[in-house]
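Engineer: Input file: my_file22.pdb. Contents: PDB, C-alpha atoms.
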```pdb
MODEL        1
ATOM      1  CA  MET H   1     207.066 106.998  24.070
ATOM      2  CA  LYS H   2     210.007 108.441  25.985
ATOM      3  CA  ILE H   3     209.156 111.606  27.882
ATOM      4  CA  ASN H   4     211.397 114.215  29.496
ATOM      5  CA  LEU H   5     209.709 114.931  32.820
ATOM      6  CA  LYS H   6     210.441 118.074  34.818
ATOM      7  CA  ALA H   7     208.942 119.198  38.134
ATOM      8  CA  SER H   8     209.070 122.745  39.466
ATOM      9  CA  LYS H   9     208.556 123.814  43.094
ATOM     10  CA  PHE H  10     207.849 120.315  44.426
ATOM     11  CA  GLU H  11     209.484 116.901  44.606
ATOM     12  CA  LEU H  12     208.953 114.482  41.739
ATOM     13  CA  THR H  13     208.101 111.045  43.130
ATOM     14  CA  GLU H  14     208.257 107.663  41.443
ATOM     15  CA  ALA H  15     204.446 107.421  41.525
ATOM     16  CA  ILE H  16     203.999 110.722  39.665
ATOM     17  CA  THR H  17     206.623 109.699  37.098
ATOM     18  CA  ALA H  18     204.892 106.364  36.483
ATOM     19  CA  TYR H  19     201.477 108.046  36.241
ATOM     20  CA  CYS H  20     202.713 110.550  33.631
ATOM     21  CA  GLN H  21     204.416 107.804  31.637
ATOM     22  CA  THR H  22     201.247 105.688  31.670
ATOM     23  CA  LYS H  23     199.090 108.579  30.473
ATOM     24  CA  MET H  24     201.479 109.476  27.650
ATOM     25  CA  ASP H  25     201.732 105.821  26.578
ATOM     26  CA  MET H  26     197.942 105.863  26.092
ATOM     27  CA  LEU H  27     198.436 108.425  23.306
ATOM     28  CA  ASP H  28     200.562 106.052  21.204
ATOM     29  CA  LYS H  29     197.467 104.538  19.593
ATOM     30  CA  TYR H  30     196.387 107.995  18.347
ATOM     31  CA  LEU H  31     199.829 108.830  17.007
ATOM     32  CA  GLY H  32     199.995 105.684  14.899
ATOM     33  CA  ASP H  33     202.869 106.009  12.422
ATOM     34  CA  ILE H  34     203.672 109.633  13.330
ATOM     35  CA  ALA H  35     207.252 109.886  14.599
ATOM     36  CA  VAL H  36     207.629 111.734  17.897
ATOM     37  CA  ILE H  37     210.840 113.748  17.809
ATOM     38  CA  ASN H  38     210.701 115.023  21.396
ATOM     39  CA  CYS H  39     208.218 114.999  24.286
ATOM     40  CA  ASP H  40     208.693 117.436  27.186
ATOM     41  CA  PHE H  41     206.319 117.094  30.140
ATOM     42  CA  GLU H  42     206.482 119.765  32.841
ATOM     43  CA  ILE H  43     204.601 119.803  36.122
ATOM     44  CA  ALA H  44     204.704 122.885  38.329
ATOM     45  CA  LYS H  45     203.172 124.000  41.576
ATOM     46  CA  ALA H  46     201.962 127.597  41.431
ATOM     47  CA  VAL H  47     201.389 129.513  44.644
ATOM     48  CA  GLY H  48     199.785 132.856  45.288
ATOM     49  CA  GLY H  49     197.320 134.759  43.183
ATOM     50  CA  GLN H  50     193.644 135.045  43.906
ATOM     51  CA  ASN H  51     193.060 131.329  44.373
ATOM     52  CA  LYS H  52     193.521 129.825  47.808
ATOM     53  CA  GLY H  53     195.635 126.723  48.157
ATOM     54  CA  ASP H  54     197.976 125.059  45.714
ATOM     55  CA  ILE H  55     197.408 125.175  41.988
ATOM     56  CA  PHE H  56     199.152 122.612  39.790
ATOM     57  CA  ARG H  57     200.084 123.239  36.168
ATOM     58  CA  ALA H  58     200.766 120.452  33.684
ATOM     59  CA  GLU H  59     202.262 121.234  30.286
ATOM     60  CA  VAL H  60     203.203 118.993  27.366
ATOM     61  CA  ASN H  61     205.261 119.973  24.329
ATOM     62  CA  LEU H  62     205.073 117.192  21.750
ATOM     63  CA  GLU H  63     207.363 117.715  18.784
ATOM     64  CA  VAL H  64     206.250 115.915  15.633
ATOM     65  CA  PRO H  65     207.427 116.443  12.033
ATOM     66  CA  ARG H  66     206.906 120.098  11.001
ATOM     67  CA  LYS H  67     204.778 120.916  14.072
ATOM     68  CA  LEU H  68     204.897 121.477  17.835
ATOM     69  CA  LEU H  69     201.792 120.305  19.672
ATOM     70  CA  ARG H  70     201.487 122.153  22.984
ATOM     71  CA  VAL H  71     198.892 121.779  25.737
ATOM     72  CA  GLU H  72     198.793 123.405  29.183
ATOM     73  CA  LYS H  73     196.202 122.945  31.948
ATOM     74  CA  THR H  74     195.893 124.113  35.555
ATOM     75  CA  GLU H  75     193.951 122.385  38.317
ATOM     76  CA  LYS H  76     193.812 122.171  42.106
ATOM     77  CA  ASP H  77     194.666 118.462  41.918
ATOM     78  CA  LEU H  78     197.906 117.329  40.272
ATOM     79  CA  TYR H  79     196.497 114.089  38.847
ATOM     80  CA  LYS H  80     193.450 115.902  37.454
ATOM     81  CA  ALA H  81     195.748 118.367  35.647
ATOM     82  CA  ILE H  82     197.716 115.470  34.119
ATOM     83  CA  ASP H  83     194.466 113.783  33.009
ATOM     84  CA  LYS H  84     193.167 116.980  31.404
ATOM     85  CA  VAL H  85     196.427 117.521  29.527
ATOM     86  CA  LYS H  86     196.288 113.971  28.183
ATOM     87  CA  ASP H  87     192.650 114.355  27.099
ATOM     88  CA  HIS H  88     193.258 117.679  25.355
ATOM     89  CA  LEU H  89     196.440 116.421  23.698
ATOM     90  CA  GLU H  90     194.424 113.522  22.280
ATOM     91  CA  ILE H  91     192.143 116.069  20.540
ATOM     92  CA  VAL H  92     195.115 118.072  19.253
ATOM     93  CA  ILE H  93     196.731 114.913  17.822
ATOM     94  CA  LYS H  94     193.500 113.978  16.024
ATOM     95  CA  LYS H  95     193.299 117.469  14.478
ATOM     96  CA  TYR H  96     196.944 117.241  13.397
ATOM     97  CA  LYS H  97     196.316 113.890  11.702
ATOM     98  CA  GLU H  98     193.263 115.279   9.875
ATOM     99  CA  LYS H  99     195.272 118.192   8.479
ATOM    100  CA  LYS H 100     198.135 115.920   7.503
TER     101      LYS H 100
ENDMDL
END
```
Transcribe the structure of this file into C-alpha cells.
Structural biologist:
Amino acid sequence: MKINLKASKFELTEAITAYCQTKMDMLDKYLGDIAVINCDFEIAKAVGGQNKGDIFRAEVNLEVPRKLLRVEKTEKDLYKAIDKVKDHLEIVIKKYKEKK
C-alpha cells in the first residue's frame, strides 16, 4: 500500500518512514480485495497543554470505495502512537468489511 506521509513540527527520518510503511503494509491482509483509493498518514508533535513533555499524534485517513476510514491517537511515544493507530485501524477495517 502506498502511503502519503506527512510530519508536522519535527523532522521525518528514514527510520520513521520505514516503520510507518511496515505497519501499514500489515493491514493489507485485512483489506483483502478492497481497493484503497488514498492513504494519508500524518504524524505531529504537539507541545503545551496540561501534559508535560512532548505528545505525539498519529492520524490515518484511509479512503476506500464509498467510505473514509479515519483513526487518530495521541501518545507520549511516537512509535506507540503509530502502533495504536494501526491496531485501531485494523478494527475499523474489520467493521467496514462486515457492513459491506
Engineer: Can you find the residues with an atom no farther than 8 Å from (199.7, 122.0, 33.5), counting all atoms listed in the file, and report them as JSON, numbers by chain?
Structural biologist: {"H": [42, 43, 44, 56, 57, 58, 59, 60, 71, 72, 73, 74, 75, 81, 82, 85]}
Engineer: So how many Å separate atom CA of H:Met24 and atom CA of H:Val64, to one decimal?
Structural biologist: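 Distance between the two atoms: 14.4 Å.
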Engineer: From the options H:Lys52, H:His88, H:Lys76, H:Lys97, which residue's atoms come nearest to H:Leu31, counting all atoms listed in the file?
Structural biologist: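 Looking at the shortest contact to H:Leu31, the residue is H:Lys97.
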Engineer: Need the shell around H:Lys6: protein/DNA/RNA residues with any atom at most 8 Å away, counting only C-alpha atoms. Skip same-chain ones fewer than 2 positions apart. Format as JSON, numbers by chain?
Structural biologist: {"H": [4, 8, 12, 40, 41, 42, 43]}
Engineer: May I ask which of the residues H:Ala7, H:Ile55, H:Cys20, H:Val36 is the closest one to H:Leu68, counting only C-alpha atoms?
Structural biologist: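 Counting only C-alpha atoms, the residue closest to H:Leu68 is H:Val36.
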Engineer: Quick one, how far is atom CA of H:Ile91 from atom CA of H:Lys45?
Structural biologist: 25.0 Å
Engineer: Would you kindly translate the PyMOL selection byres ((chain H and resi 65) around 8) into the concrete residues it picks from this file, as a list of chain:residue names?
Structural biologist: H:Ile34, H:Ala35, H:Val36, H:Ile37, H:Glu63, H:Val64, H:Arg66, H:Lys67
Engineer: What does the distance from atom CA of H:Glu14 to atom CA of H:Leu27 come to in Å, to one decimal?
Structural biologist: 20.6 Å
Engineer: Would you compute an axis-aligned box for stretch 72-90 of chain H, covering every atom listed for it in the file with 3 Å of margin on each side, and report centre and edge lengths in Å to one decimal as lines of an AutoDock Vina configuration file?
Structural biologist:
```
center_x = 195.7
center_y = 118.8
center_z = 32.2
size_x = 12.1
size_y = 16.6
size_z = 25.8
```
Engineer: With all atoms listed in the file as the basis for distance, which of H:Lys29, H:Asp83, H:Lys100, H:Ile3 is at the shortest distance from H:Thr17?
Structural biologist: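 Of H:Lys29, H:Asp83, H:Lys100, H:Ile3, the one nearest H:Thr17, counting all atoms listed in the file, is H:Ile3.
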Engineer: Measuring atom to atom with all atoms listed in the file, identify which of H:Lys99, H:Lys84, H:Cys39, H:Ala46 is nearest to H:Lys9.
Structural biologist: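 For H:Lys9, the nearest of the candidates is H:Ala46.
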Engineer: My list of candidates is H:Lys2, H:Asn61, H:Glu98, H:Asn38. Which is closest to H:Ala18 when distances are computed with only C-alpha atoms?
Structural biologist: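 Ranked by minimum distance to H:Ala18, first place goes to H:Lys2.
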Engineer: So, with only C-alpha atoms as the atoms that count, which of H:Lys86, H:Lys95, H:Leu62, H:Lys80 lies closest to H:Lys23?
Structural biologist: H:Lys86
Engineer: Could you write stretch 10-21 of chain H as a compact mmCIF listing (two decimals), keeping the file's coordinate frame, with all heavy atoms rebuilt where they are missing?
Structural biologist:
```txt
# COMPACT_ATOMS: atom_id res chain seq x y z
N PHE H 10 208.20 121.44 43.56
CA PHE H 10 207.85 120.32 44.43
C PHE H 10 208.65 119.10 44.00
O PHE H 10 209.23 119.07 42.92
CB PHE H 10 206.33 120.03 44.42
CG PHE H 10 205.81 119.40 43.17
CD1 PHE H 10 205.61 118.03 43.10
CD2 PHE H 10 205.51 120.16 42.07
CE1 PHE H 10 205.12 117.45 41.94
CE2 PHE H 10 205.01 119.60 40.91
CZ PHE H 10 204.82 118.23 40.85
N GLU H 11 208.66 118.08 44.86
CA GLU H 11 209.48 116.90 44.61
C GLU H 11 208.76 115.92 43.68
O GLU H 11 207.58 115.63 43.85
CB GLU H 11 209.78 116.20 45.93
CG GLU H 11 210.72 115.04 45.80
CD GLU H 11 211.02 114.38 47.13
OE1 GLU H 11 210.83 115.02 48.17
OE2 GLU H 11 211.43 113.21 47.12
N LEU H 12 209.49 115.44 42.70
CA LEU H 12 208.95 114.48 41.74
C LEU H 12 209.14 113.07 42.31
O LEU H 12 210.25 112.61 42.51
CB LEU H 12 209.69 114.63 40.41
CG LEU H 12 209.18 113.80 39.25
CD1 LEU H 12 207.75 114.20 38.90
CD2 LEU H 12 210.08 114.01 38.05
N THR H 13 208.03 112.40 42.56
CA THR H 13 208.10 111.04 43.13
C THR H 13 208.02 110.00 42.02
O THR H 13 207.68 110.30 40.88
CB THR H 13 206.94 110.81 44.12
OG1 THR H 13 205.71 110.88 43.40
CG2 THR H 13 206.95 111.83 45.24
N GLU H 14 208.31 108.77 42.39
CA GLU H 14 208.26 107.66 41.44
C GLU H 14 206.82 107.42 40.98
O GLU H 14 206.58 107.07 39.82
CB GLU H 14 208.83 106.40 42.10
CG GLU H 14 209.04 105.25 41.16
CD GLU H 14 210.10 105.52 40.10
OE1 GLU H 14 211.12 106.15 40.41
OE2 GLU H 14 209.88 105.09 38.95
N ALA H 15 205.86 107.63 41.87
CA ALA H 15 204.45 107.42 41.52
C ALA H 15 203.98 108.43 40.48
O ALA H 15 203.27 108.07 39.53
CB ALA H 15 203.59 107.53 42.77
N ILE H 16 204.37 109.68 40.63
CA ILE H 16 204.00 110.72 39.66
C ILE H 16 204.65 110.44 38.31
O ILE H 16 204.02 110.57 37.27
CB ILE H 16 204.39 112.12 40.19
CG1 ILE H 16 203.59 112.45 41.45
CG2 ILE H 16 204.15 113.18 39.13
CD1 ILE H 16 204.06 113.70 42.16
N THR H 17 205.91 110.03 38.33
CA THR H 17 206.62 109.70 37.10
C THR H 17 205.93 108.56 36.37
O THR H 17 205.71 108.63 35.15
CB THR H 17 208.08 109.31 37.41
OG1 THR H 17 208.70 110.37 38.14
CG2 THR H 17 208.86 109.06 36.15
N ALA H 18 205.57 107.52 37.09
CA ALA H 18 204.89 106.36 36.48
C ALA H 18 203.52 106.75 35.95
O ALA H 18 203.11 106.30 34.87
CB ALA H 18 204.75 105.24 37.51
N TYR H 19 202.81 107.61 36.67
CA TYR H 19 201.48 108.05 36.24
C TYR H 19 201.56 108.83 34.93
O TYR H 19 200.78 108.60 34.01
CB TYR H 19 200.84 108.89 37.35
CG TYR H 19 199.38 109.20 37.11
CD1 TYR H 19 198.41 108.24 37.34
CD2 TYR H 19 198.97 110.45 36.67
CE1 TYR H 19 197.07 108.51 37.13
CE2 TYR H 19 197.64 110.73 36.46
CZ TYR H 19 196.70 109.76 36.70
OH TYR H 19 195.36 110.03 36.48
N CYS H 20 202.52 109.75 34.85
CA CYS H 20 202.71 110.55 33.63
C CYS H 20 203.09 109.66 32.46
O CYS H 20 202.58 109.83 31.34
CB CYS H 20 203.79 111.61 33.84
SG CYS H 20 203.33 112.90 35.00
N GLN H 21 203.98 108.71 32.70
CA GLN H 21 204.42 107.80 31.64
C GLN H 21 203.24 106.96 31.13
O GLN H 21 203.07 106.78 29.93
CB GLN H 21 205.54 106.90 32.14
CG GLN H 21 206.15 106.02 31.07
CD GLN H 21 206.89 106.80 30.01
OE1 GLN H 21 207.73 107.61 30.32
NE2 GLN H 21 206.56 106.55 28.75
```
